[in-house]
Structure formats: C-alpha cells, structure tokens
Amino acid sequence: MTAASSRPRPATASADLSEYFERVRQQGMGPLWKAMGELMPTTPKPREVPYQWRWADIRDLVYESSKVVRVEDAVRRVLMLLNPGLPPEQAAVTQTLYAGIQIILPGEVAPAHRHTPNALRFVMEGEGAFTTVEGEKTILRKGDVVTTPNWTWHDHGNESKGPVVWLDALDIPLVNALSGMFYEDYPQKTHPVRDAANSSQRTYGRALRPTGETRASNYSPILNYTYASAREALESMPSTAWSPTEGRVIEYINPLTGGPILPTMDAFLQQVDPGMDLKACRQSASRIVMGVEGEGTLEVEDQRFRWKPFDVMVVPAWAKHRVVPSGRTPAILFSYTNAPVMRALSLYRETVV
Ligand code: GTQ
C-alpha cells in the first residue's frame, strides 16, 4: 500500500457532490467554498439597481392617493419608491435607505408618532404645511430640508390653501437589518408646541450657539434648513471650493460637530453650472438624487437618466456616476447617502474614475 492511497481521496471538480450538499443543507449548513465569490466580491456588488422615477408619474399617483385614502387611516399618506432590484417588503430604495413621497392636503394632520429611524424631508411642492418635532414647529417652503432625528415626536399638518408634497428620506431598511426598530403613537393627534417657530434655526443656524452649550449630539439641533440659505451658499461659494466630481456642493451639517446632519444619513445640495465638465467617481455609499432646478443627465454606469425637477434617481453603492448639466441655467440637485454609517464602520471609500 502506497502512502498516497492511504489518504482520503481528494474531491475533484467533477465529483457529484449534490447528495452531500443536500445532507449539508438539511442540517442547516452550507459549503463556504461555493459561496465565497458571492460573499466577498472584490468591490461592492449592491442589489439596488440604477433607477429613475419621473416626477410627472410620481405626481399623478401621489395626488390620486389623496383621493383613495384619508390621512387618519393612512397615518402617513406616502407612496414609497421601491428599487426594482430589492424585495418590495423591505421598503428599500437602496439596501439601507428609504425614499417616499408624502402628500398632505389643506386642513389635514398626519398624527404624531416617533420611531427609531431617522428622517429628513425635502419640500417639493406647495407652501405652508408645518412639521412639529419635539415641540418646535416650522412652516415648510419649497426646497426646505427638515430633520426628524431618532425617537423624536413629530406630526405634520397643512394650514395652507393647497396640497403640500415632500420627499421623505429615512434609514428604515438599515434599522430593520439591525433589528433596531421601535415605534410609538402619541396619545393625541398632535403633540404640544413648546418653542417659538424655527427657534433652532435662529439659535444654531448662524454660526452661534448658546454659551455653555456642551451638548454635541450625533444629530443636528436645527429643524429647518431653508432653501434660500442653501441656494445662497451655493451661489457665493468661492471657485477654490468647487469639487472636480460634483461642482458646487454644500453639505447640510450638524453645527455642533461639523459632521453629518443625522448619524445615519448625510444630505447635500449641488449646483452644476452650464459647461462644467465633471469627473466621474465611485463611492461606497449609496446615493439618492433628486433634481430641483434646471435639467441635465445623471450618468450611472452605462445608463443615462435625463432628468427634470423632482425626478428621483438611484446611484447604487460603488456605481460610477456623474452629472452633466444641460440648458442655460444651473442644474441644482438634492441628494442623500448612507456615508455616515459607512464611515463609522471604516467601510467608506471613494475614487475618481
Ligand atoms: O412622516 O413620519 O415616508 O414615519 C415613512 C415613515 C414618513 C413620517 C415616511 C414615517 C414618515
């Protein structure tokens, strides 16, 4: 007997292991060697796909929702933007992010509740709705960005004469992936207004803060970042501060830390002037982009999304992308990403392509 013949026979590629794999599977196990390539690709392979929802289509269906369901029954009258690459029950626009379009009619109140997901809102249409968060009320104007951090009471209402529509950006799929979801209804329809309207904007939104303030929470103390101030910052940004990949871009920051507006999501307003020729890049964060003014093309890998105001688009994690403006006025875009989470876990990378 040779030494070689006493060793177990090595499995060859051609050996039929299906009966073995079946017994492995029945015992709740699996062979890593069959899964390795899928589990550990050399670069991120997200399941979300590049996608575009056109405002013209969103708008019709969202307005129709206000006829088919009452806000008291819906709690939030929202159409979710569901990425076709992901299971619809995850409510996911990317693997970690959520996007929805909410409509609130004159006289309506979306009842008070709180939950562990963080939320950001970008007002798309109408003027004069309000959001109250932890006792501070703010009146919403087009383009305003409003924060609703983890576990803060919030209700929305509309005391104006017309419908108001906004984008809801939340981290629902991330929170559910981590089994961190908690939710509570407030016992009344609205919760009490304690502070003066927009007090947080006036206190913290001017490079000032209360003396002795030592709080540095991981979310911004500012409830409403007005569109007028964000647009002004873009317009006045010195050219030395422009980005080769994004043009003029400002981040909505937490003034207490200089960091992102919320611990799980950052948010940006971008201006790409006519003729700006940007470089494409990849980022390991996934990004939701919404056109706000002007028009252009968002290139994502080999797709070209021609966009108009309030179209919503998905840039999957690590997808090569860039904005190409068209027309004679600047292209303005709002976007949000999951980069704060990626950075906190040392998973964030970016590269110019
Ligand atoms: O306005 O509180 O789109 O709780 C999804 C969940 C909006 C909200 C959404 C929410 C809200």
# chains A, B, ... in the order shown; residues from 1 in each chain; ligands from 1
>>> select_by_dssp(residues="range 131-304 of chain A", states="strand (DSSP E)", output="ChimeraX atom specification")
/A:131-133,136-140,145-148,154-158,164-170,183-185,224-225,248-251,266-272,281-283,287-293,295-300,303-304
>>> write_last_selection(atoms="C-alpha atoms", output="PDB file, in the first residue's frame")
ATOM      1  CA  THR A 131     -43.916  69.907  10.816  1.00  0.00           C
ATOM      2  CA  THR A 132     -43.563  69.928  14.583  1.00  0.00           C
ATOM      3  CA  VAL A 133     -40.617  67.985  16.007  1.00  0.00           C
ATOM      4  CA  GLU A 136     -40.732  73.066  17.702  1.00  0.00           C
ATOM      5  CA  LYS A 137     -42.936  73.954  14.773  1.00  0.00           C
ATOM      6  CA  THR A 138     -41.707  75.035  11.365  1.00  0.00           C
ATOM      7  CA  ILE A 139     -43.600  76.192   8.312  1.00  0.00           C
ATOM      8  CA  LEU A 140     -42.367  74.450   5.182  1.00  0.00           C
ATOM      9  CA  VAL A 145     -34.728  70.437   4.394  1.00  0.00           C
ATOM     10  CA  VAL A 146     -36.259  69.328   7.686  1.00  0.00           C
ATOM     11  CA  THR A 147     -34.780  66.880  10.204  1.00  0.00           C
ATOM     12  CA  THR A 148     -36.608  64.345  12.344  1.00  0.00           C
ATOM     13  CA  HIS A 154     -43.333  64.549  15.159  1.00  0.00           C
ATOM     14  CA  ASP A 155     -46.567  65.429  13.436  1.00  0.00           C
ATOM     15  CA  HIS A 156     -47.253  67.190  10.169  1.00  0.00           C
ATOM     16  CA  GLY A 157     -50.157  69.370   9.134  1.00  0.00           C
ATOM     17  CA  ASN A 158     -51.289  71.718   6.445  1.00  0.00           C
ATOM     18  CA  VAL A 164     -48.045  70.111   0.003  1.00  0.00           C
ATOM     19  CA  VAL A 165     -45.770  67.336  -1.246  1.00  0.00           C
ATOM     20  CA  TRP A 166     -42.343  66.341   0.008  1.00  0.00           C
ATOM     21  CA  LEU A 167     -39.676  63.664  -0.206  1.00  0.00           C
ATOM     22  CA  ASP A 168     -39.192  61.564   2.939  1.00  0.00           C
ATOM     23  CA  ALA A 169     -35.676  60.167   3.341  1.00  0.00           C
ATOM     24  CA  LEU A 170     -35.333  57.563   6.093  1.00  0.00           C
ATOM     25  CA  TYR A 183     -42.280  52.756  17.134  1.00  0.00           C
ATOM     26  CA  GLU A 184     -44.821  54.576  19.286  1.00  0.00           C
ATOM     27  CA  ASP A 185     -48.014  56.555  18.575  1.00  0.00           C
ATOM     28  CA  ASN A 224     -35.304  73.523   9.197  1.00  0.00           C
ATOM     29  CA  TYR A 225     -32.525  74.399   6.733  1.00  0.00           C
ATOM     30  CA  ARG A 248     -20.514  73.353  -6.287  1.00  0.00           C
ATOM     31  CA  VAL A 249     -21.805  71.253  -3.433  1.00  0.00           C
ATOM     32  CA  ILE A 250     -22.731  72.072   0.145  1.00  0.00           C
ATOM     33  CA  GLU A 251     -23.471  69.641   2.937  1.00  0.00           C
ATOM     34  CA  ASP A 266     -25.844  62.964   5.110  1.00  0.00           C
ATOM     35  CA  ALA A 267     -27.506  65.412   2.732  1.00  0.00           C
ATOM     36  CA  PHE A 268     -26.283  67.762   0.026  1.00  0.00           C
ATOM     37  CA  LEU A 269     -27.360  70.491  -2.355  1.00  0.00           C
ATOM     38  CA  GLN A 270     -25.336  70.577  -5.569  1.00  0.00           C
ATOM     39  CA  GLN A 271     -25.077  73.109  -8.358  1.00  0.00           C
ATOM     40  CA  VAL A 272     -23.565  72.223 -11.713  1.00  0.00           C
ATOM     41  CA  CYS A 281     -16.485  58.948  -9.387  1.00  0.00           C
ATOM     42  CA  ARG A 282     -17.443  55.906  -7.342  1.00  0.00           C
ATOM     43  CA  GLN A 283     -18.382  55.997  -3.662  1.00  0.00           C
ATOM     44  CA  ARG A 287     -26.995  57.821  -3.021  1.00  0.00           C
ATOM     45  CA  ILE A 288     -30.496  59.070  -3.819  1.00  0.00           C
ATOM     46  CA  VAL A 289     -30.502  62.089  -6.117  1.00  0.00           C
ATOM     47  CA  MET A 290     -33.399  64.440  -6.819  1.00  0.00           C
ATOM     48  CA  GLY A 291     -33.427  67.140  -9.472  1.00  0.00           C
ATOM     49  CA  VAL A 292     -34.517  70.513  -8.075  1.00  0.00           C
ATOM     50  CA  GLU A 293     -33.877  73.181 -10.733  1.00  0.00           C
ATOM     51  CA  GLU A 295     -32.136  69.912 -16.102  1.00  0.00           C
ATOM     52  CA  GLY A 296     -29.430  67.542 -17.173  1.00  0.00           C
ATOM     53  CA  THR A 297     -28.303  63.969 -17.358  1.00  0.00           C
ATOM     54  CA  LEU A 298     -27.236  61.744 -14.486  1.00  0.00           C
ATOM     55  CA  GLU A 299     -24.883  59.094 -15.833  1.00  0.00           C
ATOM     56  CA  VAL A 300     -24.844  55.938 -13.698  1.00  0.00           C
ATOM     57  CA  GLN A 303     -27.203  54.348 -18.076  1.00  0.00           C
ATOM     58  CA  ARG A 304     -28.058  57.950 -18.806  1.00  0.00           C
TER      59      ARG A 304
END
>>> residues_near_ligand(ligand="ligand 1", cutoff="10 Å", atoms="only C-alpha atoms and all ligand atoms", output="ChimeraX atom specification")
/A:75-81,91,98-103,110-121,131,148,152-156,166-172,183
>>> atom_distance(atom1="CA of Tyr51 in chain A", atom2="CA of Gln90 in chain A")
16.8 Å
>>> residues_around(residues="Arg206 in chain A", least_positions_apart="4", cutoff="12 Å", atoms="only C-alpha atoms", output="PyMOL selection string")
chain A and resi 199-202+210+222+225+229+254-256
>>> residues_around(residues="Arg47 in chain A", least_positions_apart="3", cutoff="9 Å", atoms="only C-alpha atoms", output="PDB file with C-alpha atoms, in the first residue's frame")
ATOM      1  CA  GLY A  85     -33.580  45.157  -7.503  1.00  0.00           C
ATOM      2  CA  LEU A  86     -34.798  44.726  -3.919  1.00  0.00           C
ATOM      3  CA  THR A  94     -31.214  51.100  -1.714  1.00  0.00           C
ATOM      4  CA  GLN A  95     -30.214  48.269   0.617  1.00  0.00           C
ATOM      5  CA  PRO A 316     -26.063  52.279  -6.213  1.00  0.00           C
TER       6      PRO A 316
END
>>> atom_distance(atom1="CA of Ala177 in chain A", atom2="CA of Ser346 in chain A")
18.5 Å
>>> residues_around(residues="Pro46 in chain A", least_positions_apart="5", cutoff="12 Å", atoms="only C-alpha atoms", output="ChimeraX atom specification")
/A:38-41,83,85-86,93-96,284-287,314-319
